[in-house]
Amino acid sequence: MRLAVHRVTGEIRILHSVHAADIGRLINPMQCRGQIEGAVAQAFGWALTENMAYDEHGAMINPNLRNYRIPAFADVPPSEVFFADTYDTIGPLGAKAQGEGSINPVAPAIANALADATGVRFPHLPFTPDRIFAKLGQQP
């Protein structure tokens with residue numbers, strides 16, 4: 001994952017996104033690629049924009065999609081997807097199960113790229129511009 005951080009606004013821009021999956025034999029390559037790309041899009045939302053906010057009484061203050069930001073197609077950067085060339089001896093026709101397992105590694109990859117770009121570790125999701133800006137402002 002390569003990204004750029006605007007140090008004045010805290011905005012993050014994903015420059016290069018690469019993902020790999022081992023699902024055994026590809027039975028339907030386009031469907032498999034679409035599944036991975038969809039999972040990655042969800043993961044970008046979790047990592048960069050989605051945030052459940054609560055008031056001082058514990059009530060959610062953004063319970064609907066009007067003020068809960070999920071990524072649209074235009075928000076998701078292009079991603080390269082690669083599949084390992086493997087064959088599973090148990091699965092049908094050599095295939096393995098594929099789900100949305102590509103969600104899990106995206107946030108840590110963004111966190112590491114963000115730490116590389118800024119020198120600051122950001123331990124909490126989402127990596128919103130206000131959070132980035134606040135921590136960058138603490139640097140000497």
# chains A, B, ... in the order shown; residues from 1 in each chain; ligands from 1
$ select_by_dssp --residues "stretch 91-125 of chain A" --states "helix (DSSP H, G or I)" --output "ChimeraX atom specification"
/A:92-94,101-103,106-118
$ residues_around --residues "A:Ala111" --least-positions-apart "4" --cutoff "10 Å" --atoms "only C-alpha atoms" --output "count of residues only"
15
$ residues_around --residues "A:Phe83" --least-positions-apart "4" --cutoff "12 Å" --atoms "only C-alpha atoms" --output "NGL selection string"
:A and (18-27 or 29-30 or 32-33 or 36 or 87 or 95-96 or 98 or 102)
$ write_last_selection --atoms "N, CA, C and O atoms" --output "short mmCIF file (atom, residue, chain, number, x, y, z; two decimals), in the first residue's frame"
data_model
loop_
_atom_site.label_atom_id
_atom_site.label_comp_id
_atom_site.auth_asym_id
_atom_site.auth_seq_id
_atom_site.Cartn_x
_atom_site.Cartn_y
_atom_site.Cartn_z
N VAL A 18 -2.35 -2.98 -3.71
CA VAL A 18 -2.12 -4.31 -4.27
C VAL A 18 -2.60 -5.36 -3.28
O VAL A 18 -2.32 -5.26 -2.08
N HIS A 19 -3.32 -6.36 -3.77
CA HIS A 19 -3.88 -7.39 -2.90
C HIS A 19 -3.65 -8.76 -3.54
O HIS A 19 -3.68 -8.90 -4.75
N ALA A 20 -3.43 -9.74 -2.69
CA ALA A 20 -3.21 -11.10 -3.16
C ALA A 20 -4.12 -12.05 -2.40
O ALA A 20 -4.45 -11.80 -1.24
N ALA A 21 -4.52 -13.11 -3.07
CA ALA A 21 -5.40 -14.10 -2.44
C ALA A 21 -5.02 -15.49 -2.92
O ALA A 21 -4.62 -15.68 -4.06
N ASP A 22 -5.17 -16.45 -2.04
CA ASP A 22 -4.98 -17.86 -2.39
C ASP A 22 -6.33 -18.54 -2.25
O ASP A 22 -6.75 -18.87 -1.15
N ILE A 23 -6.99 -18.72 -3.37
CA ILE A 23 -8.29 -19.37 -3.36
C ILE A 23 -8.27 -20.66 -4.17
O ILE A 23 -9.30 -21.15 -4.61
N GLY A 24 -7.05 -21.20 -4.33
CA GLY A 24 -6.94 -22.43 -5.11
C GLY A 24 -7.17 -22.15 -6.59
O GLY A 24 -6.82 -21.09 -7.09
N ARG A 25 -7.80 -23.09 -7.26
CA ARG A 25 -8.06 -22.94 -8.69
C ARG A 25 -9.16 -21.91 -8.91
O ARG A 25 -10.21 -21.97 -8.29
N LEU A 26 -8.91 -20.98 -9.83
CA LEU A 26 -9.91 -19.97 -10.16
C LEU A 26 -10.97 -20.58 -11.08
O LEU A 26 -10.68 -20.92 -12.23
N ILE A 27 -12.15 -20.72 -10.58
CA ILE A 27 -13.23 -21.28 -11.41
C ILE A 27 -13.89 -20.17 -12.22
O ILE A 27 -14.18 -20.34 -13.40
N PRO A 29 -12.80 -16.38 -12.74
CA PRO A 29 -11.85 -15.32 -12.40
C PRO A 29 -12.49 -13.94 -12.21
O PRO A 29 -12.12 -13.21 -11.29
N MET A 30 -13.44 -13.57 -13.05
CA MET A 30 -14.05 -12.24 -12.91
C MET A 30 -14.84 -12.13 -11.61
O MET A 30 -14.80 -11.10 -10.93
N CYS A 32 -14.29 -13.88 -8.88
CA CYS A 32 -13.32 -13.89 -7.78
C CYS A 32 -12.68 -12.52 -7.61
O CYS A 32 -12.54 -12.01 -6.49
N ARG A 33 -12.30 -11.89 -8.72
CA ARG A 33 -11.70 -10.56 -8.66
C ARG A 33 -12.71 -9.55 -8.10
O ARG A 33 -12.38 -8.72 -7.27
N ILE A 36 -12.97 -9.89 -4.30
CA ILE A 36 -11.81 -9.28 -3.64
C ILE A 36 -11.93 -7.76 -3.68
O ILE A 36 -11.74 -7.07 -2.67
N TYR A 87 -3.61 -25.36 -6.03
CA TYR A 87 -4.69 -26.33 -6.25
C TYR A 87 -4.98 -26.98 -4.92
O TYR A 87 -4.08 -27.51 -4.27
N ALA A 95 -10.62 -25.76 -5.95
CA ALA A 95 -10.88 -24.42 -5.43
C ALA A 95 -10.94 -24.41 -3.91
O ALA A 95 -11.20 -25.44 -3.28
N LYS A 96 -10.68 -23.25 -3.35
CA LYS A 96 -10.84 -23.03 -1.91
C LYS A 96 -11.98 -22.04 -1.71
O LYS A 96 -12.39 -21.34 -2.64
N GLN A 98 -13.83 -18.72 -0.88
CA GLN A 98 -13.47 -17.31 -0.97
C GLN A 98 -14.61 -16.51 -0.39
O GLN A 98 -15.76 -16.70 -0.73
N SER A 102 -10.34 -10.57 2.43
CA SER A 102 -9.45 -9.47 2.05
C SER A 102 -9.72 -8.21 2.84
O SER A 102 -8.99 -7.23 2.73
#
$ select_by_dssp --residues "stretch 18-86 of chain A" --states "strand (DSSP E)" --output "number ranges by chain"
A: 18-21, 79-83
$ closest_residue --among "A:Gln35, A:Arg66, A:Ala113, A:Tyr54" --to "A:Ala97" --atoms "only C-alpha atoms"
A:Gln35
$ closest_residue --among "A:Ala39, A:Gly10, A:Thr86, A:Arg2" --to "A:Pro105" --atoms "only C-alpha atoms"
A:Ala39
$ closest_residue --among "A:Ile103, A:Ile61, A:Ala41, A:Val8" --to "A:Phe73" --atoms "only C-alpha atoms"
A:Ala41
$ residues_around --residues "A:Asp130" --least-positions-apart "5" --cutoff "12 Å" --atoms "only C-alpha atoms" --output "VMD selection string"
chain A and resid 6 to 12 48 to 49 125 135 to 137
$ atom_distance --atom1 "atom CA of A:Asp55" --atom2 "atom CA of A:Gln138"
25.8 Å
$ closest_residue --among "A:Pro129, A:Gly38, A:Gly101, A:Pro108" --to "A:Ala72" --atoms "only C-alpha atoms"
A:Gly38
$ decode --residues "stretch 99-115 of chain A" --atoms "all heavy atoms" --output "short mmCIF file (atom, residue, chain, number, x, y, z; two decimals), in the first residue's frame"
data_model
loop_
_atom_site.label_atom_id
_atom_site.label_comp_id
_atom_site.auth_asym_id
_atom_site.auth_seq_id
_atom_site.Cartn_x
_atom_site.Cartn_y
_atom_site.Cartn_z
N GLY A 99 -14.28 -15.63 0.48
CA GLY A 99 -15.29 -14.75 1.06
C GLY A 99 -14.75 -13.35 1.05
O GLY A 99 -14.18 -12.92 0.06
N GLU A 100 -14.90 -12.69 2.15
CA GLU A 100 -14.42 -11.32 2.25
C GLU A 100 -13.21 -11.24 3.16
O GLU A 100 -13.03 -10.29 3.90
CB GLU A 100 -15.56 -10.42 2.73
CG GLU A 100 -16.65 -10.33 1.68
CD GLU A 100 -17.94 -9.73 2.19
OE1 GLU A 100 -18.11 -9.62 3.41
OE2 GLU A 100 -18.76 -9.37 1.34
N GLY A 101 -12.36 -12.26 3.09
CA GLY A 101 -11.15 -12.30 3.90
C GLY A 101 -10.17 -11.20 3.57
O GLY A 101 -9.28 -10.90 4.36
N SER A 102 -10.34 -10.57 2.43
CA SER A 102 -9.45 -9.47 2.05
C SER A 102 -9.72 -8.21 2.84
O SER A 102 -8.99 -7.23 2.73
CB SER A 102 -9.60 -9.18 0.56
OG SER A 102 -9.29 -10.33 -0.19
N ILE A 103 -10.78 -8.20 3.64
CA ILE A 103 -11.08 -7.03 4.47
C ILE A 103 -10.01 -6.85 5.55
O ILE A 103 -9.53 -5.75 5.80
CB ILE A 103 -12.47 -7.16 5.12
CG1 ILE A 103 -13.56 -7.00 4.07
CG2 ILE A 103 -12.66 -6.16 6.24
CD1 ILE A 103 -14.95 -7.22 4.59
N ASN A 104 -9.64 -7.94 6.19
CA ASN A 104 -8.79 -7.86 7.39
C ASN A 104 -7.44 -7.20 7.20
O ASN A 104 -7.02 -6.44 8.07
CB ASN A 104 -8.63 -9.25 8.00
CG ASN A 104 -9.95 -9.81 8.47
OD1 ASN A 104 -10.83 -9.06 8.88
ND2 ASN A 104 -10.11 -11.11 8.43
N PRO A 105 -6.68 -7.47 6.15
CA PRO A 105 -5.34 -6.89 6.09
C PRO A 105 -5.27 -5.44 5.61
O PRO A 105 -4.21 -4.83 5.69
CB PRO A 105 -4.60 -7.80 5.10
CG PRO A 105 -5.67 -8.37 4.24
CD PRO A 105 -6.88 -8.48 5.11
N VAL A 106 -6.37 -4.85 5.15
CA VAL A 106 -6.30 -3.52 4.57
C VAL A 106 -6.00 -2.44 5.62
O VAL A 106 -5.11 -1.61 5.43
CB VAL A 106 -7.58 -3.19 3.79
CG1 VAL A 106 -7.60 -1.73 3.33
CG2 VAL A 106 -7.70 -4.11 2.58
N ALA A 107 -6.71 -2.43 6.73
CA ALA A 107 -6.48 -1.39 7.75
C ALA A 107 -5.05 -1.45 8.30
O ALA A 107 -4.40 -0.39 8.41
CB ALA A 107 -7.50 -1.50 8.88
N PRO A 108 -4.51 -2.63 8.63
CA PRO A 108 -3.11 -2.65 9.08
C PRO A 108 -2.13 -2.19 8.00
O PRO A 108 -1.15 -1.52 8.31
CB PRO A 108 -2.86 -4.11 9.45
CG PRO A 108 -4.20 -4.68 9.70
CD PRO A 108 -5.14 -3.94 8.82
N ALA A 109 -2.42 -2.51 6.73
CA ALA A 109 -1.54 -2.05 5.65
C ALA A 109 -1.58 -0.53 5.54
O ALA A 109 -0.55 0.11 5.36
CB ALA A 109 -1.96 -2.69 4.33
N ILE A 110 -2.77 0.05 5.67
CA ILE A 110 -2.88 1.51 5.64
C ILE A 110 -2.17 2.11 6.85
O ILE A 110 -1.46 3.12 6.73
CB ILE A 110 -4.35 1.95 5.58
CG1 ILE A 110 -4.96 1.56 4.23
CG2 ILE A 110 -4.48 3.45 5.80
CD1 ILE A 110 -6.45 1.80 4.12
N ALA A 111 -2.35 1.50 8.02
CA ALA A 111 -1.69 2.00 9.24
C ALA A 111 -0.18 2.00 9.08
O ALA A 111 0.50 2.96 9.47
CB ALA A 111 -2.11 1.17 10.45
N ASN A 112 0.37 0.93 8.52
CA ASN A 112 1.82 0.86 8.32
C ASN A 112 2.29 1.88 7.29
O ASN A 112 3.32 2.53 7.49
CB ASN A 112 2.24 -0.55 7.92
CG ASN A 112 2.16 -1.51 9.07
OD1 ASN A 112 2.25 -1.12 10.23
ND2 ASN A 112 1.98 -2.79 8.76
N ALA A 113 1.55 2.03 6.20
CA ALA A 113 1.92 3.02 5.18
C ALA A 113 1.82 4.43 5.75
O ALA A 113 2.66 5.30 5.46
CB ALA A 113 1.03 2.88 3.95
N LEU A 114 0.82 4.67 6.58
CA LEU A 114 0.64 5.96 7.23
C LEU A 114 1.80 6.25 8.19
O LEU A 114 2.33 7.37 8.22
CB LEU A 114 -0.69 5.97 7.97
CG LEU A 114 -1.28 7.26 8.47
CD1 LEU A 114 -1.36 8.30 7.37
CD2 LEU A 114 -2.65 7.00 9.06
N ALA A 115 2.22 5.25 8.93
CA ALA A 115 3.37 5.41 9.83
C ALA A 115 4.64 5.67 9.04
O ALA A 115 5.47 6.51 9.43
CB ALA A 115 3.53 4.17 10.72
#
